[in-house]
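Novice: Coordinates in target19.cif, mmCIF, C-alpha atoms, pLDDT in the B column; chains and numbers go by the auth columns, are listed below.
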```cif
data_final
#
loop_
_atom_site.group_PDB
_atom_site.id
_atom_site.type_symbol
_atom_site.label_atom_id
_atom_site.label_comp_id
_atom_site.label_asym_id
_atom_site.label_seq_id
_atom_site.Cartn_x
_atom_site.Cartn_y
_atom_site.Cartn_z
_atom_site.B_iso_or_equiv
_atom_site.auth_seq_id
_atom_site.auth_asym_id
ATOM 1 C CA MET A 1 -130.589 192.920 -4.802 80.00 196 D
ATOM 2 C CA GLY A 2 -126.943 191.990 -5.214 85.00 197 D
ATOM 3 C CA THR A 3 -124.378 193.890 -7.219 88.00 198 D
ATOM 4 C CA ILE A 4 -121.769 191.916 -9.149 88.00 199 D
ATOM 5 C CA THR A 5 -118.833 193.303 -11.102 89.00 200 D
ATOM 6 C CA ILE A 6 -117.840 191.047 -13.999 89.00 201 D
ATOM 7 C CA SER A 7 -115.474 191.260 -16.963 90.00 202 D
ATOM 8 C CA LEU A 8 -116.689 190.471 -20.461 90.00 203 D
ATOM 9 C CA ASP A 9 -115.016 190.030 -23.806 86.00 204 D
ATOM 10 C CA ASP A 10 -115.402 193.274 -25.844 88.00 205 D
ATOM 11 C CA ASN A 11 -117.396 191.512 -28.528 84.00 206 D
ATOM 12 C CA ILE A 12 -119.834 189.938 -26.041 87.00 207 D
ATOM 13 C CA GLU A 13 -120.205 193.258 -24.222 90.00 208 D
ATOM 14 C CA LYS A 14 -121.119 194.971 -27.493 89.00 209 D
ATOM 15 C CA LYS A 15 -123.671 192.268 -28.358 85.00 210 D
ATOM 16 C CA LEU A 16 -125.131 192.531 -24.856 89.00 211 D
ATOM 17 C CA ARG A 17 -125.458 196.314 -24.975 89.00 212 D
ATOM 18 C CA ASP A 18 -127.014 196.173 -28.463 86.00 213 D
ATOM 19 C CA LEU A 19 -129.543 193.599 -27.227 81.00 214 D
ATOM 20 C CA VAL A 20 -130.415 195.676 -24.133 84.00 215 D
ATOM 21 C CA LYS A 21 -130.914 198.764 -26.306 83.00 216 D
ATOM 22 C CA ARG A 22 -133.121 196.789 -28.701 76.00 217 D
ATOM 23 C CA MET A 23 -135.233 195.253 -25.933 75.00 218 D
ATOM 24 C CA HIS A 24 -135.411 198.030 -23.360 78.00 219 D
ATOM 25 C CA GLY A 25 -134.204 201.174 -25.110 82.00 220 D
ATOM 26 C CA SER A 26 -132.468 203.540 -22.725 81.00 221 D
ATOM 27 C CA ARG A 27 -134.650 202.626 -19.731 81.00 222 D
ATOM 28 C CA LYS A 28 -132.847 202.089 -16.451 84.00 223 D
ATOM 29 C CA GLY A 29 -132.393 198.483 -15.341 86.00 224 D
ATOM 30 C CA GLY A 30 -132.506 197.017 -18.860 85.00 225 D
ATOM 31 C CA LEU A 31 -129.054 195.500 -18.585 89.00 226 D
ATOM 32 C CA SER A 32 -129.928 193.756 -15.302 88.00 227 D
ATOM 33 C CA LYS A 33 -133.180 192.363 -16.792 82.00 228 D
ATOM 34 C CA VAL A 34 -131.389 190.841 -19.785 82.00 229 D
ATOM 35 C CA ILE A 35 -128.659 189.330 -17.597 88.00 230 D
ATOM 36 C CA GLU A 36 -131.227 187.928 -15.143 80.00 231 D
ATOM 37 C CA SER A 37 -133.259 186.374 -17.963 74.00 232 D
ATOM 38 C CA ALA A 38 -130.157 184.877 -19.602 77.00 233 D
ATOM 39 C CA LEU A 39 -128.961 183.397 -16.304 79.00 234 D
ATOM 40 C CA GLU A 40 -132.386 181.923 -15.523 71.00 235 D
ATOM 41 C CA ASN A 41 -132.356 180.150 -18.893 63.00 236 D
ATOM 42 C CA TYR A 42 -128.820 178.949 -18.248 67.00 237 D
ATOM 43 C CA PHE A 43 -129.699 177.609 -14.782 68.00 238 D
ATOM 44 C CA ALA A 44 -132.729 175.793 -16.204 58.00 239 D
ATOM 45 C CA SER A 45 -130.627 174.119 -18.881 55.00 240 D
ATOM 46 C CA VAL A 46 -127.942 173.083 -16.370 58.00 241 D
ATOM 47 C CA ASP A 47 -130.421 171.797 -13.775 57.00 242 D
ATOM 48 C CA SER A 48 -132.799 169.926 -16.087 51.00 243 D
ATOM 49 C CA PRO A 49 -132.325 166.152 -15.748 48.00 244 D
ATOM 50 C CA ILE A 50 -131.147 164.223 -18.786 45.00 245 D
ATOM 51 C CA LYS A 51 -133.888 161.907 -20.062 49.00 246 D
ATOM 52 C CA SER A 52 -132.791 158.375 -20.821 48.00 247 D
ATOM 53 C CA ASP A 53 -133.692 158.702 -24.488 55.00 248 D
ATOM 54 C CA GLU A 54 -131.571 161.829 -24.779 63.00 249 D
ATOM 55 C CA ALA A 55 -128.286 160.149 -23.855 75.00 250 D
ATOM 56 C CA SER A 56 -125.446 160.744 -26.253 91.00 251 D
ATOM 57 C CA PHE A 57 -122.072 159.085 -26.551 95.00 252 D
ATOM 58 C CA LYS A 58 -118.539 160.297 -27.164 93.00 253 D
ATOM 59 C CA ALA A 59 -115.548 158.221 -28.232 94.00 254 D
ATOM 60 C CA LEU A 60 -112.231 159.264 -26.742 94.00 255 D
ATOM 61 C CA LYS A 61 -108.805 158.286 -28.018 91.00 256 D
ATOM 62 C CA GLU A 62 -105.801 159.317 -25.924 87.00 257 D
ATOM 63 C CA GLY A 63 -108.049 161.715 -24.026 84.00 258 D
ATOM 64 C CA ALA A 64 -109.349 163.552 -27.095 89.00 259 D
ATOM 65 C CA VAL A 65 -112.926 163.290 -28.394 91.00 260 D
ATOM 66 C CA VAL A 66 -112.781 161.683 -31.849 94.00 261 D
ATOM 67 C CA ALA A 67 -116.493 161.093 -32.431 94.00 262 D
ATOM 68 C CA GLU A 68 -119.864 161.920 -30.954 94.00 263 D
ATOM 69 C CA ALA A 69 -123.329 160.467 -31.649 95.00 264 D
ATOM 70 C CA ASN A 70 -126.725 159.763 -30.116 94.00 265 D
ATOM 71 C CA THR A 71 -126.404 155.988 -30.396 95.00 266 D
ATOM 72 C CA LEU A 72 -123.526 153.522 -30.218 97.00 267 D
ATOM 73 C CA GLU A 73 -124.322 152.312 -33.738 96.00 268 D
ATOM 74 C CA ASP A 74 -123.962 155.832 -35.116 96.00 269 D
ATOM 75 C CA LEU A 75 -120.783 156.285 -33.081 96.00 270 D
ATOM 76 C CA ALA A 76 -119.376 153.058 -34.548 97.00 271 D
ATOM 77 C CA SER A 77 -120.244 154.195 -38.099 96.00 272 D
ATOM 78 C CA ILE A 78 -118.458 157.507 -37.581 96.00 273 D
ATOM 79 C CA LEU A 79 -115.363 155.745 -36.218 96.00 274 D
ATOM 80 C CA ARG A 80 -115.297 153.411 -39.229 96.00 275 D
ATOM 81 C CA LYS A 81 -115.819 156.330 -41.603 96.00 276 D
ATOM 82 C CA ILE A 82 -112.932 158.345 -40.187 95.00 277 D
ATOM 83 C CA GLY A 83 -110.728 155.257 -39.939 94.00 278 D
ATOM 84 C CA ILE A 84 -110.144 155.238 -36.171 93.00 279 D
ATOM 85 C CA GLU A 85 -108.839 151.983 -34.722 93.00 280 D
ATOM 86 C CA PRO A 86 -111.524 151.023 -32.175 94.00 281 D
ATOM 87 C CA ARG A 87 -109.259 149.089 -29.780 94.00 282 D
ATOM 88 C CA GLY A 88 -108.645 151.075 -26.622 94.00 283 D
ATOM 89 C CA ILE A 89 -111.400 153.589 -27.363 94.00 284 D
ATOM 90 C CA ARG A 90 -113.075 154.973 -24.249 94.00 285 D
ATOM 91 C CA ILE A 91 -116.792 155.562 -24.567 95.00 286 D
ATOM 92 C CA ILE A 92 -118.486 158.056 -22.308 94.00 287 D
ATOM 93 C CA SER A 93 -122.168 158.858 -22.052 93.00 288 D
ATOM 94 C CA SER A 94 -123.994 162.087 -21.285 91.00 289 D
ATOM 95 C CA LYS A 95 -125.729 159.941 -18.663 87.00 290 D
ATOM 96 C CA PRO A 96 -122.713 158.963 -16.558 86.00 291 D
ATOM 97 C CA ILE A 97 -122.525 155.680 -14.659 91.00 292 D
ATOM 98 C CA ARG A 98 -123.092 155.784 -10.925 93.00 293 D
ATOM 99 C CA PRO A 99 -119.932 154.834 -9.001 93.00 294 D
ATOM 100 C CA ILE A 100 -121.770 152.503 -6.595 94.00 295 D
ATOM 101 C CA VAL A 101 -124.988 150.553 -7.268 95.00 296 D
ATOM 102 C CA HIS A 102 -126.812 147.597 -5.757 95.00 297 D
ATOM 103 C CA GLY A 103 -125.901 144.341 -7.434 94.00 298 D
ATOM 104 C CA GLY A 104 -129.115 142.467 -6.599 90.00 299 D
ATOM 105 C CA TYR A 105 -129.581 138.941 -5.334 86.00 300 D
ATOM 106 C CA ARG A 106 -128.323 137.025 -8.376 85.00 301 D
ATOM 107 C CA ILE A 107 -124.723 138.129 -7.922 82.00 302 D
ATOM 108 C CA LYS A 108 -122.602 136.182 -5.505 75.00 303 D
ATOM 109 C CA GLN A 109 -119.052 136.979 -4.390 66.00 304 D
ATOM 110 C CA SER A 110 -116.617 134.681 -6.185 61.00 305 D
ATOM 111 C CA MET B 1 -142.476 134.272 -26.715 74.00 241 I
ATOM 112 C CA GLY B 2 -139.427 136.302 -25.732 90.00 242 I
ATOM 113 C CA SER B 3 -140.130 136.494 -22.014 93.00 243 I
ATOM 114 C CA TYR B 4 -141.225 133.757 -19.619 93.00 244 I
ATOM 115 C CA PHE B 5 -140.672 132.227 -16.202 94.00 245 I
ATOM 116 C CA LEU B 6 -137.743 129.871 -15.896 92.00 246 I
ATOM 117 C CA ASP B 7 -138.653 128.058 -12.675 90.00 247 I
ATOM 118 C CA ASN B 8 -139.824 131.114 -10.768 92.00 248 I
ATOM 119 C CA THR B 9 -137.368 133.536 -12.309 94.00 249 I
ATOM 120 C CA PRO B 10 -138.507 135.984 -15.012 96.00 250 I
ATOM 121 C CA VAL B 11 -136.272 135.884 -18.059 96.00 251 I
ATOM 122 C CA LEU B 12 -136.073 137.809 -21.309 96.00 252 I
ATOM 123 C CA GLU B 13 -134.514 136.713 -24.592 97.00 253 I
ATOM 124 C CA ILE B 14 -132.019 139.249 -25.885 97.00 254 I
ATOM 125 C CA GLU B 15 -129.071 139.802 -28.195 98.00 255 I
ATOM 126 C CA ILE B 16 -126.030 141.678 -26.941 98.00 256 I
ATOM 127 C CA ARG B 17 -123.941 143.765 -29.323 98.00 257 I
ATOM 128 C CA ASN B 18 -120.735 145.722 -29.269 98.00 258 I
ATOM 129 C CA PRO B 19 -121.221 148.025 -32.280 98.00 259 I
ATOM 130 C CA ILE B 20 -117.787 149.600 -31.848 97.00 260 I
ATOM 131 C CA MET B 21 -115.986 146.267 -32.384 97.00 261 I
ATOM 132 C CA ASN B 22 -118.787 144.874 -34.592 96.00 262 I
ATOM 133 C CA LYS B 23 -119.433 141.853 -32.360 97.00 263 I
ATOM 134 C CA ALA B 24 -122.619 140.194 -31.211 98.00 264 I
ATOM 135 C CA PHE B 25 -123.554 137.533 -28.683 97.00 265 I
ATOM 136 C CA PRO B 26 -124.809 135.043 -29.475 97.00 266 I
ATOM 137 C CA ALA B 27 -123.496 135.099 -33.037 93.00 267 I
ATOM 138 C CA GLU B 28 -126.903 133.759 -34.106 93.00 268 I
ATOM 139 C CA GLY B 29 -130.207 133.671 -32.250 93.00 269 I
ATOM 140 C CA LYS B 30 -130.932 134.890 -28.762 96.00 270 I
ATOM 141 C CA VAL B 31 -129.736 134.339 -25.229 97.00 271 I
ATOM 142 C CA VAL B 32 -131.716 134.172 -22.011 97.00 272 I
ATOM 143 C CA ALA B 33 -131.161 136.928 -19.450 97.00 273 I
ATOM 144 C CA VAL B 34 -132.526 137.062 -15.918 97.00 274 I
ATOM 145 C CA MET B 35 -134.521 140.159 -14.997 96.00 275 I
ATOM 146 C CA ASP B 36 -133.515 141.327 -11.531 96.00 276 I
ATOM 147 C CA THR B 37 -135.073 144.516 -10.182 95.00 277 I
ATOM 148 C CA GLY B 38 -132.580 144.382 -7.309 95.00 278 I
ATOM 149 C CA PHE B 39 -129.721 145.075 -9.734 96.00 279 I
ATOM 150 C CA GLU B 40 -129.455 148.798 -10.427 96.00 280 I
ATOM 151 C CA GLY B 41 -127.210 148.461 -13.467 97.00 281 I
ATOM 152 C CA PHE B 42 -128.046 147.946 -17.162 97.00 282 I
ATOM 153 C CA LEU B 43 -126.585 144.539 -17.992 98.00 283 I
ATOM 154 C CA LEU B 44 -124.182 142.188 -16.219 97.00 284 I
ATOM 155 C CA VAL B 45 -122.558 139.391 -18.186 98.00 285 I
ATOM 156 C CA PRO B 46 -120.110 136.572 -17.419 97.00 286 I
ATOM 157 C CA GLN B 47 -116.476 137.331 -18.228 97.00 287 I
ATOM 158 C CA ASP B 48 -116.316 134.921 -21.185 97.00 288 I
ATOM 159 C CA ILE B 49 -119.269 136.639 -22.876 98.00 289 I
ATOM 160 C CA PHE B 50 -117.713 140.049 -22.137 98.00 290 I
ATOM 161 C CA GLU B 51 -114.592 138.837 -23.961 98.00 291 I
ATOM 162 C CA LYS B 52 -116.524 137.245 -26.851 98.00 292 I
ATOM 163 C CA LEU B 53 -118.104 140.653 -27.409 98.00 293 I
ATOM 164 C CA SER B 54 -114.582 142.189 -27.392 98.00 294 I
ATOM 165 C CA LEU B 55 -115.813 144.650 -24.793 98.00 295 I
ATOM 166 C CA ASN B 56 -112.532 143.995 -22.961 97.00 296 I
ATOM 167 C CA GLN B 57 -110.707 145.546 -25.932 97.00 297 I
ATOM 168 C CA LEU B 58 -112.244 148.932 -25.231 97.00 298 I
ATOM 169 C CA ALA B 59 -111.112 151.168 -22.371 95.00 299 I
ATOM 170 C CA LEU B 60 -112.971 150.013 -19.265 95.00 300 I
ATOM 171 C CA ASP B 61 -114.500 151.881 -16.368 94.00 301 I
ATOM 172 C CA GLY B 62 -114.871 150.351 -12.933 93.00 302 I
ATOM 173 C CA ARG B 63 -117.427 150.745 -10.201 94.00 303 I
ATOM 174 C CA ARG B 64 -118.537 149.064 -6.994 93.00 304 I
ATOM 175 C CA LEU B 65 -121.530 146.781 -6.663 95.00 305 I
ATOM 176 C CA ILE B 66 -123.186 146.306 -3.286 94.00 306 I
ATOM 177 C CA LEU B 67 -124.005 142.638 -2.873 92.00 307 I
ATOM 178 C CA ALA B 68 -127.009 141.187 -1.062 89.00 308 I
ATOM 179 C CA ASP B 69 -124.897 140.465 2.032 90.00 309 I
ATOM 180 C CA GLY B 70 -123.700 144.084 2.218 90.00 310 I
ATOM 181 C CA GLN B 71 -120.224 143.276 0.865 91.00 311 I
ATOM 182 C CA TYR B 72 -118.802 145.213 -2.076 92.00 312 I
ATOM 183 C CA THR B 73 -117.338 143.867 -5.280 94.00 313 I
ATOM 184 C CA GLN B 74 -115.632 145.646 -8.158 94.00 314 I
ATOM 185 C CA SER B 75 -117.051 145.474 -11.674 96.00 315 I
ATOM 186 C CA VAL B 76 -115.589 146.692 -14.956 96.00 316 I
ATOM 187 C CA GLY B 77 -117.478 147.621 -18.068 97.00 317 I
ATOM 188 C CA THR B 78 -118.125 149.835 -21.032 97.00 318 I
ATOM 189 C CA TYR B 79 -121.067 150.718 -23.252 97.00 319 I
ATOM 190 C CA GLY B 80 -122.851 148.251 -25.493 98.00 320 I
ATOM 191 C CA GLU B 81 -126.228 147.526 -27.034 98.00 321 I
ATOM 192 C CA VAL B 82 -129.019 145.180 -25.977 98.00 322 I
ATOM 193 C CA VAL B 83 -131.551 144.113 -28.592 97.00 323 I
ATOM 194 C CA VAL B 84 -134.920 142.700 -27.570 96.00 324 I
ATOM 195 C CA PRO B 85 -135.926 140.942 -30.802 95.00 325 I
ATOM 196 C CA ASN B 86 -139.511 140.200 -29.769 93.00 326 I
ATOM 197 C CA LEU B 87 -140.157 143.865 -29.078 93.00 327 I
ATOM 198 C CA GLY B 88 -138.147 145.081 -32.067 93.00 328 I
ATOM 199 C CA VAL B 89 -136.226 147.554 -29.931 94.00 329 I
ATOM 200 C CA LYS B 90 -132.654 148.126 -28.828 95.00 330 I
ATOM 201 C CA PHE B 91 -131.123 150.033 -25.959 95.00 331 I
ATOM 202 C CA ASP B 92 -127.630 151.390 -25.334 96.00 332 I
ATOM 203 C CA GLY B 93 -126.186 151.127 -21.850 97.00 333 I
ATOM 204 C CA PHE B 94 -123.327 150.168 -19.546 97.00 334 I
ATOM 205 C CA ILE B 95 -122.447 146.485 -19.814 98.00 335 I
ATOM 206 C CA GLU B 96 -120.328 145.226 -16.947 98.00 336 I
ATOM 207 C CA THR B 97 -118.783 142.027 -15.679 97.00 337 I
ATOM 208 C CA ILE B 98 -117.406 140.653 -12.448 95.00 338 I
ATOM 209 C CA LYS B 99 -115.366 137.586 -11.657 91.00 339 I
ATOM 210 C CA GLY B 100 -117.428 134.475 -11.039 88.00 340 I
ATOM 211 C CA VAL B 101 -120.789 135.617 -12.404 92.00 341 I
ATOM 212 C CA GLU B 102 -122.403 132.818 -14.427 92.00 342 I
ATOM 213 C CA GLU B 103 -125.600 134.306 -15.809 95.00 343 I
ATOM 214 C CA ILE B 104 -126.674 137.351 -17.766 97.00 344 I
ATOM 215 C CA VAL B 105 -128.548 139.771 -15.523 97.00 345 I
ATOM 216 C CA ILE B 106 -130.754 142.630 -16.691 97.00 346 I
ATOM 217 C CA GLY B 107 -131.041 145.462 -14.182 97.00 347 I
ATOM 218 C CA THR B 108 -133.278 148.445 -13.618 97.00 348 I
ATOM 219 C CA ASP B 109 -131.283 150.763 -15.909 96.00 349 I
ATOM 220 C CA LEU B 110 -132.561 148.572 -18.762 96.00 350 I
ATOM 221 C CA ILE B 111 -135.912 147.583 -17.256 96.00 351 I
ATOM 222 C CA GLU B 112 -136.825 151.272 -16.847 94.00 352 I
ATOM 223 C CA ASN B 113 -137.277 151.352 -20.632 93.00 353 I
ATOM 224 C CA MET B 114 -140.042 148.756 -20.476 92.00 354 I
ATOM 225 C CA LYS B 115 -143.462 148.092 -19.061 92.00 355 I
ATOM 226 C CA LEU B 116 -143.154 144.797 -17.238 93.00 356 I
ATOM 227 C CA ILE B 117 -146.019 142.758 -15.766 94.00 357 I
ATOM 228 C CA LEU B 118 -145.164 139.603 -13.852 94.00 358 I
ATOM 229 C CA ASP B 119 -148.287 137.466 -13.409 94.00 359 I
ATOM 230 C CA TYR B 120 -147.343 134.604 -11.145 93.00 360 I
ATOM 231 C CA CYS B 121 -150.998 133.440 -10.999 94.00 361 I
ATOM 232 C CA THR B 122 -151.095 132.539 -14.682 92.00 362 I
ATOM 233 C CA ARG B 123 -147.291 132.326 -14.998 91.00 363 I
ATOM 234 C CA ARG B 124 -147.303 134.881 -17.764 92.00 364 I
ATOM 235 C CA ILE B 125 -145.011 137.833 -18.351 94.00 365 I
ATOM 236 C CA GLU B 126 -146.005 140.862 -20.377 93.00 366 I
ATOM 237 C CA VAL B 127 -143.241 143.096 -21.658 93.00 367 I
ATOM 238 C CA GLU B 128 -143.700 146.244 -23.723 92.00 368 I
ATOM 239 C CA SER B 129 -141.209 148.880 -24.694 91.00 369 I
ATOM 240 C CA CYS B 130 -141.757 152.475 -23.543 87.00 370 I
ATOM 241 C CA LYS B 131 -140.421 153.587 -26.915 74.00 371 I
ATOM 242 C CA LYS B 132 -141.994 152.498 -30.157 66.00 372 I
ATOM 243 C CA PRO B 133 -139.826 150.398 -32.480 61.00 373 I
#
```
For this file, write the structure as structure tokens.
Specialist:
Amino acid sequence: MGTITISLDDNIEKKLRDLVKRMHGSRKGGLSKVIESALENYFASVDSPIKSDEASFKALKEGAVVAEANTLEDLASILRKIGIEPRGIRIISSKPIRPIVHGGYRIKQS
Amino acid sequence: MGSYFLDNTPVLEIEIRNPIMNKAFPAEGKVVAVMDTGFEGFLLVPQDIFEKLSLNQLALDGRRLILADGQYTQSVGTYGEVVVPNLGVKFDGFIETIKGVEEIVIGTDLIENMKLILDYCTRRIEVESCKKP
């Protein structure tokens, strides 16, 4: 069992203590149980692989996100709707490109 | 038909789109793309097609491709859409180009969305989409 000292925003601390009281009353160890459960859920969400059909796209202009959608078509519609000039837009995906991949046998060095 | 052997090479008829710039290639009909399971990307296109799609007018990302001889080459690309008209489906993915490439190549990042059977005995190809149209 490890012991960690952390600092929380007053509002979050209040919500946490209210939740612990609701779930575990004044029993000892309630706070640790809630924190453990919350962290386990967080780790699961961070570690779960992104499925290909769950990819989403963001459009960036001068480094700022100007639109976000699940498909490029929807992203394009949003950009048109908000009147963003598409030239120079950077598109990023929740499924990032790998920096090095095999090119296969069809590609020959020019 | 949509997919067949061209000589001994499996090909698929597709449309390529850049929804952001509202461009498509070809402007009408379909184009033949080679299916290469040795290519780990989504779609590789010649530079002139990349430009016709105005993909070069978006901000580009680069990466390295390992060639068959072990050498590296640099590609550039951005995201676009591939439509497979015969299956009634479309997929979004990274479309890249390199200098000197002359054919459109579909890689495993796109193929992974499909069930693909290559029957060299009867010279038939069966392609189905994993997702329903």
Novice: Using only C-alpha atoms and a cut-off of 7 Å, which residues of chain I sit close to chain D? Please list them as JSON, numbers by chain.
Specialist: {"I": [259, 260, 261, 276, 278, 279, 280, 281, 297, 298, 299, 303, 304, 305, 306, 307, 308, 318, 319, 332, 339, 340, 341]}
Novice: Near Tyr360 of chain I, within 10 Å and counting all atoms listed in the file, which residues show up once chain neighbours fewer than 5 positions away are dropped, as a ChimeraX atom specification?
Specialist: /I:245,248,250,365
Novice: Run the PyMOL selection byres ((chain D and resi 263) around 6) mentally over the shown coordinates, then write out the matched residues as a PDB file with C-alpha atoms, in the coordinates of the input, using the chain letters and numbers from the document.
Specialist:
```
ATOM      1  CA  PHE D 252    -122.072 159.085 -26.551  1.00 95.00           C
ATOM      2  CA  LYS D 253    -118.539 160.297 -27.164  1.00 93.00           C
ATOM      3  CA  ALA D 262    -116.493 161.093 -32.431  1.00 94.00           C
ATOM      4  CA  ALA D 264    -123.329 160.467 -31.649  1.00 95.00           C
TER       5      ALA D 264
END
```
Novice: Just the residues within 6 Å of Val215 of chain D, please, counting only C-alpha atoms, with nothing from its chain fewer than 3 positions along; format it as a list in words.
Specialist: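 Skipping anything fewer than 3 positions along the chain leaves Arg212, Met218, His219, Gly225 and Leu226 of chain D.
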Novice: Spell out the residues picked by the PyMOL selection byres ((chain I and resi 347) around 7) here, as an MDAnalysis selection string.
Specialist: chainID I and resid 275:277 279:283 345:346 348:351
Novice: Write to file, as a PDB file, in the coordinates of the input, the residues of the selection just made, with C-alpha atoms.
Specialist:
```pdb
ATOM      1  CA  MET I 275    -134.521 140.159 -14.997  1.00 96.00           C
ATOM      2  CA  ASP I 276    -133.515 141.327 -11.531  1.00 96.00           C
ATOM      3  CA  THR I 277    -135.073 144.516 -10.182  1.00 95.00           C
ATOM      4  CA  PHE I 279    -129.721 145.075  -9.734  1.00 96.00           C
ATOM      5  CA  GLU I 280    -129.455 148.798 -10.427  1.00 96.00           C
ATOM      6  CA  GLY I 281    -127.210 148.461 -13.467  1.00 97.00           C
ATOM      7  CA  PHE I 282    -128.046 147.946 -17.162  1.00 97.00           C
ATOM      8  CA  LEU I 283    -126.585 144.539 -17.992  1.00 98.00           C
ATOM      9  CA  VAL I 345    -128.548 139.771 -15.523  1.00 97.00           C
ATOM     10  CA  ILE I 346    -130.754 142.630 -16.691  1.00 97.00           C
ATOM     11  CA  THR I 348    -133.278 148.445 -13.618  1.00 97.00           C
ATOM     12  CA  ASP I 349    -131.283 150.763 -15.909  1.00 96.00           C
ATOM     13  CA  LEU I 350    -132.561 148.572 -18.762  1.00 96.00           C
ATOM     14  CA  ILE I 351    -135.912 147.583 -17.256  1.00 96.00           C
TER      15      ILE I 351
END
```
Novice: Could you work out how far atom CA of Lys292 of chain I lies from atom CA of Ile256 of chain I, giving the answer in Å with one decimal?
Specialist: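 Interatomic distance, atom CA of Ile256 of chain I to atom CA of Lys292 of chain I: 10.5 Å.
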Novice: List the residues matched by the PyMOL selection byres ((chain I and resi 323) around 9) in the displayed structure as an mmCIF file with C-alpha atoms, keeping the file's coordinate frame, ordered by chain and then by residue number.
Specialist:
```cif
data_model
loop_
_atom_site.group_PDB
_atom_site.id
_atom_site.type_symbol
_atom_site.label_atom_id
_atom_site.label_comp_id
_atom_site.auth_asym_id
_atom_site.auth_seq_id
_atom_site.Cartn_x
_atom_site.Cartn_y
_atom_site.Cartn_z
ATOM 1 C CA GLU I 253 -134.514 136.713 -24.592
ATOM 2 C CA ILE I 254 -132.019 139.249 -25.885
ATOM 3 C CA GLU I 255 -129.071 139.802 -28.195
ATOM 4 C CA ILE I 256 -126.030 141.678 -26.941
ATOM 5 C CA ARG I 257 -123.941 143.765 -29.323
ATOM 6 C CA GLU I 321 -126.228 147.526 -27.034
ATOM 7 C CA VAL I 322 -129.019 145.180 -25.977
ATOM 8 C CA VAL I 324 -134.920 142.700 -27.570
ATOM 9 C CA PRO I 325 -135.926 140.942 -30.802
ATOM 10 C CA ASN I 326 -139.511 140.200 -29.769
ATOM 11 C CA LEU I 327 -140.157 143.865 -29.078
ATOM 12 C CA GLY I 328 -138.147 145.081 -32.067
ATOM 13 C CA VAL I 329 -136.226 147.554 -29.931
ATOM 14 C CA LYS I 330 -132.654 148.126 -28.828
ATOM 15 C CA PHE I 331 -131.123 150.033 -25.959
ATOM 16 C CA ASP I 332 -127.630 151.390 -25.334
#
```
Novice: Atom CA of Leu300 of chain I and atom CA of Gly333 of chain I, how far apart in Å?
Specialist: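 Separating atom CA of Gly333 of chain I from atom CA of Leu300 of chain I is a distance of 13.5 Å.
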Novice: Measure the distance from atom CA of Leu284 of chain I to atom CA of Phe334 of chain I in Å and round it to one decimal.
Specialist: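 Calculated distance between atom CA of Leu284 of chain I and atom CA of Phe334 of chain I is 8.7 Å.
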